[in-house]
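Each remark here refers to the structure printed beneath this line.
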Amino acid sequence: MLFAPLADIVIDMNIIQGVSASSGIGIGTVFIIPDTVKRVIPQQTIEKSELDSGWKRFCNAVKTVQLNIAMSIGELLKDDLQRIIFETYQLMLDDPVFVQQVRTAYEKDLLNIEYILDREVKGYADRLRTSGNEYLAERATDIEDVFGRVLNELLDYHPFNIEQVPDGAVIAARAISPSDSVILSKRKIAGLALIEGGVSSHVAILAKNYGIPAVFALNNITQLVKPGMTVIVDGTTGEVTLDPDEQTIKNCKEAIAAEIAHQKALKVFRNRSAVTKDGTVFKIYANIGTPEEAEIALKEGADGIGLFRTEFLFMSESHLDQSRLSEDAQFESYKRVLELMNGKSVTIRTLDAGGDKLIDIDEIPKIDEKNPIMGLRAIRLSLKYPHLFKTQLRALFRASAYGNLRIMLPLITDVSQVEAAKSMIRKVKSELDEEGLPYKADTPVGIMVETAAAAVIADVLAKRCDFFSLGTNDLTQYTIGVDRENQQVTALYNEFHLSVLRLIKNSISAAEKAGIGISVCGEMAARPNSVLTLAGMGIRRLSMSAKQISSVKELLSRFSINELQAIAEKSLHSY
């Protein structure tokens, strides 16, 4: 969920309300990161004779950035998450499809390479942001960041050096680029107070990973604070306190000491099962977007992978084969995760993207949609372009021989979609049998329940599915008609809206009656108040960011099922 600045809600003269992005409390002195100076890139016509020299400059700039990133990776051998981000950047820079797109536009339009690169990057990022997929939308910032570094080299522009940030600082800024977020692992940052940012952004993920409190959507924060001012960042309540008095500082330090002790105690839960105090066992899974993140999930004590998003694999250079996606490349990625998890359940979601040319395949034309989140995306796109879907299904079923795979279909709204997908699956199995390729014929196939339509007819869908997974982010958005990324209505986004809770309850009841499993993989799966409510409603499987697993295990250990049911009843009858 992307947060642009909201109008400040001032509780008193010193406290500003924002949106929580990473929990915890931090206190420190303000360090303001200046806004990035907007690049002014003139459009200049060039001669054909200048093409080679311009392209050579581009290639040299890419190599320089690659070298700098490689040096950063070398410094982060023990920092899995940050290293994965930089390795992803290397893949972006090596992507032959995008590089060829830039070169084609450069040679066709005969304009300076700086202008062409800036234009193509912006166009690509815009398509990501309007893809209707939250994960892809957040990756737009990554594209702009890594190729922004290439532009800086081309323009000989040297922006603010993030290394200037001192230990113990509370960083106040409009935003922090993913590459600059390396400072979070190098310094003892006390907190982040940002104007912009998203809870699925790399900055938010890293802040959670390093235990750094973060609050986003703080309008004008860089004007409200001064360098050296003492500030408290409460990432749990989303409050930032400016220039606190001595008693507030004392209370804050006591709260920080208690939190440190709490985090230390959480470590013992990594290797424990999630069990309530009266013995009910829960399964806690991890959400991942790349095979590398599976390693982190294991270290954090995940019972398996509850959601493996495959979208980013489709966009990476190593997974593209000329005009279409390579089945073998997908197979290797899925196989790698399954083998890493060593028999633990791995739920892989089929492609959840739109027809916006993010997947560069000749067979799929670029589609301009006014409202892509309601348009041709996810299972709709897969069924419209069966060759794409069949390739992914073949890769998935081939990989099923190497672990405990479950296949999940996104954005299901009608029984016919499930039946069409199963028809394709039967064809894939028949082909694999004829080719003598191994696979698990009984691989479970389930669906995401992330629309009101699916939740309302959950009883009908349950008869045709092996499992349900509740995508509470989209379920909330679609049900109450609130665009999560529209700052004008962000305050209306409410996962505890009675309509959403009733749809969740209906889905749980349908799954229980049909004897199939049901899990939650949206943001509700890790927030303390919603975890308790979901558990009380009957959910026994939760999937979340790997770094949140121990906290949820510890939380559940403090309650009995009767207590959880009472919490759920209160939520369902709070109106």
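FYI, nothing fancy with the structure tokens labels: chains A, B, ... in order, residues from 1 per chain, ligands from 1 as they appear.
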Exercise: Leu155 of chain A partners within 12 Å, only C-alpha atoms, chain neighbours under 5 positions left out, as JSON, numbers by chain: {"A": [39, 40, 41, 42, 57, 58, 61, 112, 113, 114, 115, 117, 118, 148, 149, 150]}
Pull all heavy atoms from the residues just selected and write them as a compact mmCIF listing (two decimals), in the first residue's frame.
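Full text of again06.txt as output:
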# COMPACT_ATOMS: atom_id res chain seq x y z
N ARG A 39 15.94 16.27 -12.01
CA ARG A 39 16.83 16.37 -13.17
C ARG A 39 16.15 17.13 -14.30
O ARG A 39 15.00 16.87 -14.62
CB ARG A 39 17.22 14.98 -13.67
CG ARG A 39 17.89 14.08 -12.65
CD ARG A 39 18.27 12.76 -13.31
NE ARG A 39 18.68 11.76 -12.34
CZ ARG A 39 17.85 10.90 -11.78
NH1 ARG A 39 16.57 10.93 -12.09
NH2 ARG A 39 18.29 10.01 -10.92
N VAL A 40 16.88 18.04 -14.88
CA VAL A 40 16.38 18.74 -16.07
C VAL A 40 17.13 18.15 -17.26
O VAL A 40 18.33 18.36 -17.42
CB VAL A 40 16.62 20.26 -15.97
CG1 VAL A 40 16.12 20.94 -17.24
CG2 VAL A 40 15.91 20.83 -14.75
N ILE A 41 16.40 17.40 -18.05
CA ILE A 41 17.03 16.71 -19.18
C ILE A 41 16.49 17.28 -20.48
O ILE A 41 15.34 16.99 -20.86
CB ILE A 41 16.79 15.19 -19.11
CG1 ILE A 41 17.30 14.66 -17.76
CG2 ILE A 41 17.48 14.47 -20.26
CD1 ILE A 41 17.04 13.20 -17.53
N PRO A 42 17.25 18.10 -21.15
CA PRO A 42 16.76 18.70 -22.40
C PRO A 42 16.62 17.66 -23.50
O PRO A 42 17.33 16.65 -23.53
CB PRO A 42 17.85 19.71 -22.74
CG PRO A 42 19.09 19.16 -22.10
CD PRO A 42 18.63 18.51 -20.84
N ARG A 57 28.40 5.68 -24.26
CA ARG A 57 28.33 6.38 -22.98
C ARG A 57 27.30 5.71 -22.06
O ARG A 57 27.52 5.58 -20.86
CB ARG A 57 27.96 7.86 -23.18
CG ARG A 57 29.09 8.71 -23.74
CD ARG A 57 28.82 10.20 -23.60
NE ARG A 57 27.58 10.62 -24.21
CZ ARG A 57 26.50 11.01 -23.53
NH1 ARG A 57 26.52 11.00 -22.20
NH2 ARG A 57 25.41 11.39 -24.16
N PHE A 58 26.17 5.30 -22.66
CA PHE A 58 25.14 4.61 -21.88
C PHE A 58 25.68 3.30 -21.31
O PHE A 58 25.53 3.02 -20.11
CB PHE A 58 23.92 4.32 -22.76
CG PHE A 58 22.91 3.38 -22.14
CD1 PHE A 58 22.07 3.81 -21.14
CD2 PHE A 58 22.84 2.06 -22.56
CE1 PHE A 58 21.14 2.95 -20.55
CE2 PHE A 58 21.92 1.18 -21.98
CZ PHE A 58 21.07 1.64 -20.98
N ALA A 61 28.05 3.92 -18.51
CA ALA A 61 27.35 4.35 -17.30
C ALA A 61 26.74 3.15 -16.59
O ALA A 61 26.79 3.05 -15.35
CB ALA A 61 26.28 5.38 -17.65
N ASN A 112 18.88 12.58 -27.83
CA ASN A 112 19.99 12.28 -26.92
C ASN A 112 19.64 11.15 -25.96
O ASN A 112 18.49 11.02 -25.51
CB ASN A 112 20.40 13.54 -26.14
CG ASN A 112 19.24 14.21 -25.43
OD1 ASN A 112 18.20 14.44 -26.02
ND2 ASN A 112 19.42 14.52 -24.16
N ILE A 113 20.62 10.31 -25.66
CA ILE A 113 20.40 9.10 -24.89
C ILE A 113 19.86 9.39 -23.50
O ILE A 113 19.05 8.63 -22.96
CB ILE A 113 21.71 8.26 -24.80
CG1 ILE A 113 21.44 6.90 -24.14
CG2 ILE A 113 22.80 9.02 -24.07
CD1 ILE A 113 20.45 6.02 -24.89
N GLU A 114 20.25 10.51 -22.88
CA GLU A 114 19.75 10.86 -21.56
C GLU A 114 18.23 11.06 -21.59
O GLU A 114 17.51 10.57 -20.72
CB GLU A 114 20.42 12.14 -21.03
CG GLU A 114 21.91 12.02 -20.81
CD GLU A 114 22.73 12.33 -22.05
OE1 GLU A 114 22.14 12.48 -23.15
OE2 GLU A 114 23.96 12.43 -21.94
N TYR A 115 17.76 11.77 -22.60
CA TYR A 115 16.32 12.04 -22.72
C TYR A 115 15.55 10.73 -22.98
O TYR A 115 14.50 10.48 -22.36
CB TYR A 115 16.06 13.02 -23.86
CG TYR A 115 14.60 13.31 -24.09
CD1 TYR A 115 13.92 14.26 -23.32
CD2 TYR A 115 13.88 12.62 -25.06
CE1 TYR A 115 12.57 14.51 -23.51
CE2 TYR A 115 12.52 12.85 -25.25
CZ TYR A 115 11.88 13.80 -24.48
OH TYR A 115 10.53 14.04 -24.67
N LEU A 117 16.44 7.58 -22.25
CA LEU A 117 16.45 6.71 -21.08
C LEU A 117 15.45 7.21 -20.03
O LEU A 117 14.67 6.42 -19.48
CB LEU A 117 17.86 6.66 -20.47
CG LEU A 117 17.99 5.81 -19.20
CD1 LEU A 117 17.59 4.36 -19.45
CD2 LEU A 117 19.40 5.90 -18.64
N ASP A 118 15.46 8.51 -19.77
CA ASP A 118 14.54 9.08 -18.79
C ASP A 118 13.09 8.83 -19.20
O ASP A 118 12.26 8.44 -18.38
CB ASP A 118 14.81 10.58 -18.66
CG ASP A 118 13.95 11.23 -17.58
OD1 ASP A 118 14.01 10.77 -16.43
OD2 ASP A 118 13.24 12.19 -17.89
N GLY A 148 17.97 5.60 -12.45
CA GLY A 148 18.29 6.97 -12.05
C GLY A 148 19.77 7.10 -11.78
O GLY A 148 20.40 8.13 -12.07
N ARG A 149 20.37 6.06 -11.24
CA ARG A 149 21.81 6.05 -10.99
C ARG A 149 22.58 6.08 -12.32
O ARG A 149 23.64 6.71 -12.42
CB ARG A 149 22.20 4.82 -10.17
CG ARG A 149 21.59 4.82 -8.78
CD ARG A 149 21.86 3.56 -7.99
NE ARG A 149 23.28 3.42 -7.63
CZ ARG A 149 23.70 2.63 -6.64
NH1 ARG A 149 22.82 1.93 -5.92
NH2 ARG A 149 24.98 2.54 -6.37
N VAL A 150 22.04 5.40 -13.32
CA VAL A 150 22.66 5.43 -14.65
C VAL A 150 22.57 6.85 -15.23
O VAL A 150 23.54 7.36 -15.79
CB VAL A 150 21.99 4.41 -15.59
CG1 VAL A 150 22.57 4.52 -17.01
CG2 VAL A 150 22.16 2.99 -15.06
Determine, using only C-alpha atoms, which residues of segment 208-235 of chain A have any atom at most 10 Å from an atom of segment 15-22 of chain A, and tabulate each with its shortest atom pair and distance in Å to one decimal place, rows ordered by chain and then rising number, as a tab-separated table.
residue	atom	partner	partner_atom	distance
A:Lys208	CA	A:Ser22	CA	5.2
A:Asn209	CA	A:Ser22	CA	9.0
A:Tyr210	CA	A:Ser22	CA	9.7
A:Gly211	CA	A:Ser22	CA	7.6
A:Ile212	CA	A:Ser22	CA	6.7
A:Pro213	CA	A:Ser22	CA	5.0
A:Ala214	CA	A:Ser22	CA	4.8
A:Val215	CA	A:Ser20	CA	4.7
A:Phe216	CA	A:Val19	CA	5.2
A:Ala217	CA	A:Gly18	CA	5.2
A:Leu218	CA	A:Gly18	CA	5.1
A:Asn219	CA	A:Gly18	CA	8.2
A:Ile221	CA	A:Ile16	CA	8.8
A:Leu224	CA	A:Ile16	CA	9.7
A:Val231	CA	A:Ile15	CA	9.8
A:Ile232	CA	A:Ile15	CA	9.2
A:Val233	CA	A:Ser20	CA	9.8
A:Asp234	CA	A:Ser20	CA	8.0
A:Gly235	CA	A:Ser20	CA	5.1
All residues 10 Å or closer to Gln565 of chain A, only C-alpha atoms, same chain fewer than 5 positions away omitted, as a PyMOL selection string: chain A and resi 532-538+560+570-571
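The neighbours of Ser179 of chain A here are the residues that come within 10 Å of it, using only C-alpha atoms and leaving out any residue fewer than 5 positions away in the same chain; they are Ile69, Ser72, Gln82, Ile85, Phe86, Tyr89, Asp142, Asp145, Val146, Arg149, Ile162, His202 and Val203 of chain A.
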Any chance you could export the current selection's N, CA and C atoms as a PDB file, in the first residue's frame?
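What landed in out11.pdb:
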ATOM      1  N   ILE A  69      27.295  -1.266  -7.471  1.00  0.00           N
ATOM      2  CA  ILE A  69      26.366  -2.169  -6.803  1.00  0.00           C
ATOM      3  C   ILE A  69      27.082  -3.441  -6.354  1.00  0.00           C
ATOM      4  N   SER A  72      28.803  -2.816  -3.248  1.00  0.00           N
ATOM      5  CA  SER A  72      27.850  -2.789  -2.135  1.00  0.00           C
ATOM      6  C   SER A  72      27.460  -4.194  -1.716  1.00  0.00           C
ATOM      7  N   GLN A  82      19.114  -6.986   2.245  1.00  0.00           N
ATOM      8  CA  GLN A  82      19.682  -5.883   1.468  1.00  0.00           C
ATOM      9  C   GLN A  82      20.452  -6.412   0.263  1.00  0.00           C
ATOM     10  N   ILE A  85      18.120  -7.227  -2.574  1.00  0.00           N
ATOM     11  CA  ILE A  85      17.657  -6.024  -3.274  1.00  0.00           C
ATOM     12  C   ILE A  85      18.675  -5.592  -4.316  1.00  0.00           C
ATOM     13  N   PHE A  86      19.954  -5.563  -3.923  1.00  0.00           N
ATOM     14  CA  PHE A  86      20.987  -5.130  -4.863  1.00  0.00           C
ATOM     15  C   PHE A  86      21.186  -6.155  -5.985  1.00  0.00           C
ATOM     16  N   TYR A  89      18.675  -5.437  -8.479  1.00  0.00           N
ATOM     17  CA  TYR A  89      19.073  -4.283  -9.287  1.00  0.00           C
ATOM     18  C   TYR A  89      20.015  -4.701 -10.415  1.00  0.00           C
ATOM     19  N   ASP A 142      11.929   0.988  -7.603  1.00  0.00           N
ATOM     20  CA  ASP A 142      13.204   0.315  -7.846  1.00  0.00           C
ATOM     21  C   ASP A 142      13.731   0.611  -9.250  1.00  0.00           C
ATOM     22  N   ASP A 145      14.957   4.092  -9.382  1.00  0.00           N
ATOM     23  CA  ASP A 145      16.165   4.242  -8.579  1.00  0.00           C
ATOM     24  C   ASP A 145      17.401   3.748  -9.325  1.00  0.00           C
ATOM     25  N   VAL A 146      17.345   2.502  -9.816  1.00  0.00           N
ATOM     26  CA  VAL A 146      18.545   1.924 -10.415  1.00  0.00           C
ATOM     27  C   VAL A 146      18.922   2.610 -11.729  1.00  0.00           C
ATOM     28  N   ARG A 149      20.367   6.057 -11.238  1.00  0.00           N
ATOM     29  CA  ARG A 149      21.813   6.053 -10.992  1.00  0.00           C
ATOM     30  C   ARG A 149      22.580   6.077 -12.315  1.00  0.00           C
ATOM     31  N   ILE A 162      24.377   9.688   1.111  1.00  0.00           N
ATOM     32  CA  ILE A 162      23.662   9.131   2.261  1.00  0.00           C
ATOM     33  C   ILE A 162      24.602   8.773   3.406  1.00  0.00           C
ATOM     34  N   HIS A 202      10.709  -1.397  -0.354  1.00  0.00           N
ATOM     35  CA  HIS A 202      11.915  -1.961   0.230  1.00  0.00           C
ATOM     36  C   HIS A 202      12.335  -1.211   1.492  1.00  0.00           C
ATOM     37  N   VAL A 203      12.090   0.077   1.537  1.00  0.00           N
ATOM     38  CA  VAL A 203      12.448   0.855   2.724  1.00  0.00           C
ATOM     39  C   VAL A 203      11.665   0.362   3.939  1.00  0.00           C
TER      40      VAL A 203
END
At a cut-off of 12 Å, can you tabulate as a tab-separated table every residue of segment 395-482 of chain A near segment 329-348 of chain A together with its closest atom pair and the distance in Å to one decimal, using only C-alpha atoms and ordering rows by chain then number?
residue	atom	partner	partner_atom	distance
A:Ala395	CA	A:Phe331	CA	4.4
A:Leu396	CA	A:Phe331	CA	6.3
A:Phe397	CA	A:Phe331	CA	8.6
A:Arg398	CA	A:Phe331	CA	6.7
A:Ala399	CA	A:Lys335	CA	4.9
A:Ser400	CA	A:Lys335	CA	7.5
A:Ala401	CA	A:Lys335	CA	8.4
A:Tyr402	CA	A:Glu339	CA	6.1
A:Gly403	CA	A:Leu338	CA	4.9
A:Asn404	CA	A:Ser345	CA	4.9
A:Leu405	CA	A:Val346	CA	5.0
A:Arg406	CA	A:Thr347	CA	4.5
A:Ile407	CA	A:Ile348	CA	5.2
A:Met408	CA	A:Ile348	CA	5.9
A:Leu409	CA	A:Ile348	CA	8.8
A:Pro410	CA	A:Ile348	CA	10.4
A:Tyr439	CA	A:Lys335	CA	11.5
A:Thr443	CA	A:Thr347	CA	10.5
A:Pro444	CA	A:Thr347	CA	9.3
A:Val445	CA	A:Thr347	CA	9.3
A:Gly446	CA	A:Thr347	CA	9.2
A:Ile447	CA	A:Thr347	CA	10.5
A:Met448	CA	A:Thr347	CA	11.0
A:Asp466	CA	A:Thr347	CA	12.0
A:Phe467	CA	A:Thr347	CA	10.4
A:Phe468	CA	A:Thr347	CA	11.0
A:Ser469	CA	A:Thr347	CA	9.7
Since we have the selection now, will you write its residues out, keeping C-alpha atoms, as an mmCIF file, in the first residue's frame?
data_model
loop_
_atom_site.group_PDB
_atom_site.id
_atom_site.type_symbol
_atom_site.label_atom_id
_atom_site.label_comp_id
_atom_site.auth_asym_id
_atom_site.auth_seq_id
_atom_site.Cartn_x
_atom_site.Cartn_y
_atom_site.Cartn_z
ATOM 1 C CA ALA A 395 6.732 -25.293 -15.112
ATOM 2 C CA LEU A 396 4.781 -25.539 -11.865
ATOM 3 C CA PHE A 397 3.752 -29.174 -12.267
ATOM 4 C CA ARG A 398 7.260 -30.176 -13.337
ATOM 5 C CA ALA A 399 8.571 -28.491 -10.177
ATOM 6 C CA SER A 400 5.962 -30.287 -8.045
ATOM 7 C CA ALA A 401 8.108 -33.427 -8.146
ATOM 8 C CA TYR A 402 10.701 -31.661 -5.984
ATOM 9 C CA GLY A 403 8.667 -30.638 -2.958
ATOM 10 C CA ASN A 404 5.324 -29.897 -1.371
ATOM 11 C CA LEU A 405 3.718 -27.558 -3.920
ATOM 12 C CA ARG A 406 0.297 -25.918 -3.870
ATOM 13 C CA ILE A 407 -0.875 -23.868 -6.865
ATOM 14 C CA MET A 408 -3.026 -20.793 -6.266
ATOM 15 C CA LEU A 409 -5.188 -18.918 -8.789
ATOM 16 C CA PRO A 410 -5.588 -15.141 -8.259
ATOM 17 C CA TYR A 439 5.170 -34.507 -11.475
ATOM 18 C CA THR A 443 -0.827 -31.245 -6.368
ATOM 19 C CA PRO A 444 -3.491 -29.107 -4.628
ATOM 20 C CA VAL A 445 -5.025 -26.261 -6.615
ATOM 21 C CA GLY A 446 -6.716 -23.458 -4.707
ATOM 22 C CA ILE A 447 -7.816 -19.879 -5.149
ATOM 23 C CA MET A 448 -7.337 -16.421 -3.724
ATOM 24 C CA ASP A 466 -8.480 -27.739 -2.611
ATOM 25 C CA PHE A 467 -7.906 -24.661 -0.468
ATOM 26 C CA PHE A 468 -8.689 -20.958 -0.017
ATOM 27 C CA SER A 469 -6.300 -18.104 0.711
#
Distance of atom CA of Ala462 of chain A from atom CA of Gly517 of chain A, expressed in Å to one decimal place: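 Value for the atom CA of Gly517 of chain A-atom CA of Ala462 of chain A distance: 9.7 Å.
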Nearest-residue call for Lys422 of chain A, choices A:Lys390, A:Arg540, A:Arg119, A:Lys553, using only C-alpha atoms: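 Of A:Lys390, A:Arg540, A:Arg119, A:Lys553, the one nearest Lys422 of chain A is A:Lys390, counting only C-alpha atoms.
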Strand (DSSP E or B) residues, from DSSP on the backbone, in segment 312-460 of chain A, as a list of chain:residue names: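 Restricting segment 312-460 of chain A to strand (DSSP E or B) produces A:Leu320, A:Asp321, A:Arg324, A:Leu325, A:Ser345, A:Val346, A:Thr347, A:Ile348, A:Arg349, A:Gly354, A:Arg377, A:Asn404, A:Leu405, A:Arg406, A:Ile407, A:Met408, A:Leu409, A:Val445, A:Gly446, A:Ile447, A:Met448, A:Val449.
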Would you output that residue set with C-alpha atoms, as a PDB file, in the first residue's frame?
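Final file, again-v4.pdb:
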ATOM      1  CA  LEU A 320      12.773 -14.093 -20.492  1.00  0.00           C
ATOM      2  CA  ASP A 321      13.447 -16.025 -23.679  1.00  0.00           C
ATOM      3  CA  ARG A 324       8.059 -15.431 -24.597  1.00  0.00           C
ATOM      4  CA  LEU A 325       8.776 -16.644 -21.103  1.00  0.00           C
ATOM      5  CA  SER A 345       4.397 -26.442   2.025  1.00  0.00           C
ATOM      6  CA  VAL A 346       5.022 -23.885  -0.742  1.00  0.00           C
ATOM      7  CA  THR A 347       2.029 -22.055  -2.235  1.00  0.00           C
ATOM      8  CA  ILE A 348       2.875 -20.482  -5.590  1.00  0.00           C
ATOM      9  CA  ARG A 349       0.441 -17.988  -7.081  1.00  0.00           C
ATOM     10  CA  GLY A 354      -2.225  -7.039 -16.180  1.00  0.00           C
ATOM     11  CA  ARG A 377      -5.359  -8.984 -15.026  1.00  0.00           C
ATOM     12  CA  ASN A 404       5.324 -29.897  -1.371  1.00  0.00           C
ATOM     13  CA  LEU A 405       3.718 -27.558  -3.920  1.00  0.00           C
ATOM     14  CA  ARG A 406       0.297 -25.918  -3.870  1.00  0.00           C
ATOM     15  CA  ILE A 407      -0.875 -23.868  -6.865  1.00  0.00           C
ATOM     16  CA  MET A 408      -3.026 -20.793  -6.266  1.00  0.00           C
ATOM     17  CA  LEU A 409      -5.188 -18.918  -8.789  1.00  0.00           C
ATOM     18  CA  VAL A 445      -5.025 -26.261  -6.615  1.00  0.00           C
ATOM     19  CA  GLY A 446      -6.716 -23.458  -4.707  1.00  0.00           C
ATOM     20  CA  ILE A 447      -7.816 -19.879  -5.149  1.00  0.00           C
ATOM     21  CA  MET A 448      -7.337 -16.421  -3.724  1.00  0.00           C
ATOM     22  CA  VAL A 449     -10.521 -15.144  -2.150  1.00  0.00           C
TER      23      VAL A 449
END
Excluding segment 244-255 of chain A and its own-chain neighbours fewer than 2 positions away, which residues fall within 8 Å of it when counting only C-alpha atoms? Please give them as a PDB file with N, CA and C atoms, in the first residue's frame.
ATOM      1  N   ASN A  14       2.945  19.286  19.620  1.00  0.00           N
ATOM      2  CA  ASN A  14       4.179  18.550  19.391  1.00  0.00           C
ATOM      3  C   ASN A  14       4.003  17.208  18.685  1.00  0.00           C
ATOM      4  N   ILE A  25       9.460   1.943  18.961  1.00  0.00           N
ATOM      5  CA  ILE A  25       9.634   3.331  19.372  1.00  0.00           C
ATOM      6  C   ILE A  25      11.115   3.690  19.290  1.00  0.00           C
ATOM      7  N   GLY A  26      11.394   4.849  18.725  1.00  0.00           N
ATOM      8  CA  GLY A  26      12.772   5.314  18.630  1.00  0.00           C
ATOM      9  C   GLY A  26      12.870   6.775  19.005  1.00  0.00           C
ATOM     10  N   ILE A  27      14.000   7.162  19.589  1.00  0.00           N
ATOM     11  CA  ILE A  27      14.237   8.555  19.940  1.00  0.00           C
ATOM     12  C   ILE A  27      15.635   8.944  19.474  1.00  0.00           C
ATOM     13  N   THR A 230      15.372  16.958  18.938  1.00  0.00           N
ATOM     14  CA  THR A 230      15.035  15.631  19.460  1.00  0.00           C
ATOM     15  C   THR A 230      13.622  15.261  19.017  1.00  0.00           C
ATOM     16  N   VAL A 231      13.491  14.035  18.525  1.00  0.00           N
ATOM     17  CA  VAL A 231      12.207  13.563  17.999  1.00  0.00           C
ATOM     18  C   VAL A 231      11.972  12.128  18.452  1.00  0.00           C
ATOM     19  N   ILE A 232      10.719  11.811  18.771  1.00  0.00           N
ATOM     20  CA  ILE A 232      10.325  10.430  19.076  1.00  0.00           C
ATOM     21  C   ILE A 232       9.470   9.909  17.929  1.00  0.00           C
ATOM     22  N   THR A 241       6.624  12.660  17.754  1.00  0.00           N
ATOM     23  CA  THR A 241       6.626  13.724  18.757  1.00  0.00           C
ATOM     24  C   THR A 241       7.838  14.615  18.557  1.00  0.00           C
ATOM     25  N   LEU A 242       7.598  15.904  18.382  1.00  0.00           N
ATOM     26  CA  LEU A 242       8.669  16.863  18.157  1.00  0.00           C
ATOM     27  C   LEU A 242       9.077  17.520  19.469  1.00  0.00           C
ATOM     28  N   ALA A 257      13.478   0.201  26.282  1.00  0.00           N
ATOM     29  CA  ALA A 257      14.127  -0.870  27.042  1.00  0.00           C
ATOM     30  C   ALA A 257      13.225  -2.106  27.121  1.00  0.00           C
ATOM     31  N   ALA A 258      11.936  -1.866  27.329  1.00  0.00           N
ATOM     32  CA  ALA A 258      10.983  -2.978  27.383  1.00  0.00           C
ATOM     33  C   ALA A 258      10.887  -3.683  26.035  1.00  0.00           C
ATOM     34  N   GLU A 259      10.928  -2.890  24.951  1.00  0.00           N
ATOM     35  CA  GLU A 259      10.846  -3.471  23.606  1.00  0.00           C
ATOM     36  C   GLU A 259      12.089  -4.289  23.276  1.00  0.00           C
TER      37      GLU A 259
END
Expected answer as a PyMOL selection string: helix (DSSP H, G or I) residues in segment 291-465 of chain A: chain A and resi 293-299+311-315+317-319+327-341+372-374+379-384+386-402+415-435+452-456+458-462
Near-Val30 of chain A list (7 Å; only C-alpha atoms; drop same-chain fewer than 6 positions) as a PyMOL selection string: chain A and resi 169-172+226-231
Resulting file, chosen residues, C-alpha atoms, as a PDB file, in the first residue's frame:
ATOM      1  CA  ALA A 169      19.658   9.840  13.855  1.00  0.00           C
ATOM      2  CA  VAL A 170      15.964  10.114  13.155  1.00  0.00           C
ATOM      3  CA  ILE A 171      15.862  10.545   9.398  1.00  0.00           C
ATOM      4  CA  ALA A 172      13.348  13.096   8.164  1.00  0.00           C
ATOM      5  CA  LYS A 226      15.066  21.297  12.481  1.00  0.00           C
ATOM      6  CA  PRO A 227      18.463  19.568  12.292  1.00  0.00           C
ATOM      7  CA  GLY A 228      19.480  18.392  15.750  1.00  0.00           C
ATOM      8  CA  MET A 229      15.947  18.547  17.198  1.00  0.00           C
ATOM      9  CA  THR A 230      15.035  15.631  19.460  1.00  0.00           C
ATOM     10  CA  VAL A 231      12.207  13.563  17.999  1.00  0.00           C
TER      11      VAL A 231
END
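Restricting the calculation to only C-alpha atoms, the smallest distance between Leu307 of chain A and any of A:Leu151, A:Gly436, A:Met374, A:Ala546 is found for A:Ala546.
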Nearby residues (only C-alpha atoms) at most 7 Å from Phe559 of chain A, same-chain spacing under 5 positions excluded, as a count of residues only: 3
Gap from atom CA of Arg272 of chain A to atom CA of Phe308 of chain A - Å, one decimal: 22.8 Å
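Atom pair atom CA of Leu503 of chain A / atom CA of Leu572 of chain A has a distance of 10.9 Å (rounded to one decimal).
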Top pick for closest residue to Leu192 of chain A, considering A:Leu93, A:Ile549, A:Leu376, A:Ile33 and counting only C-alpha atoms: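 The shortest atom-to-atom distance to Leu192 of chain A comes from A:Ile33.
Comparing the minimum interatomic distances between Ile288 of chain A and each of A:Gly24, A:Gly306, A:Pro372, A:Pro96, counting only C-alpha atoms, we find that A:Gly306 sits nearest.
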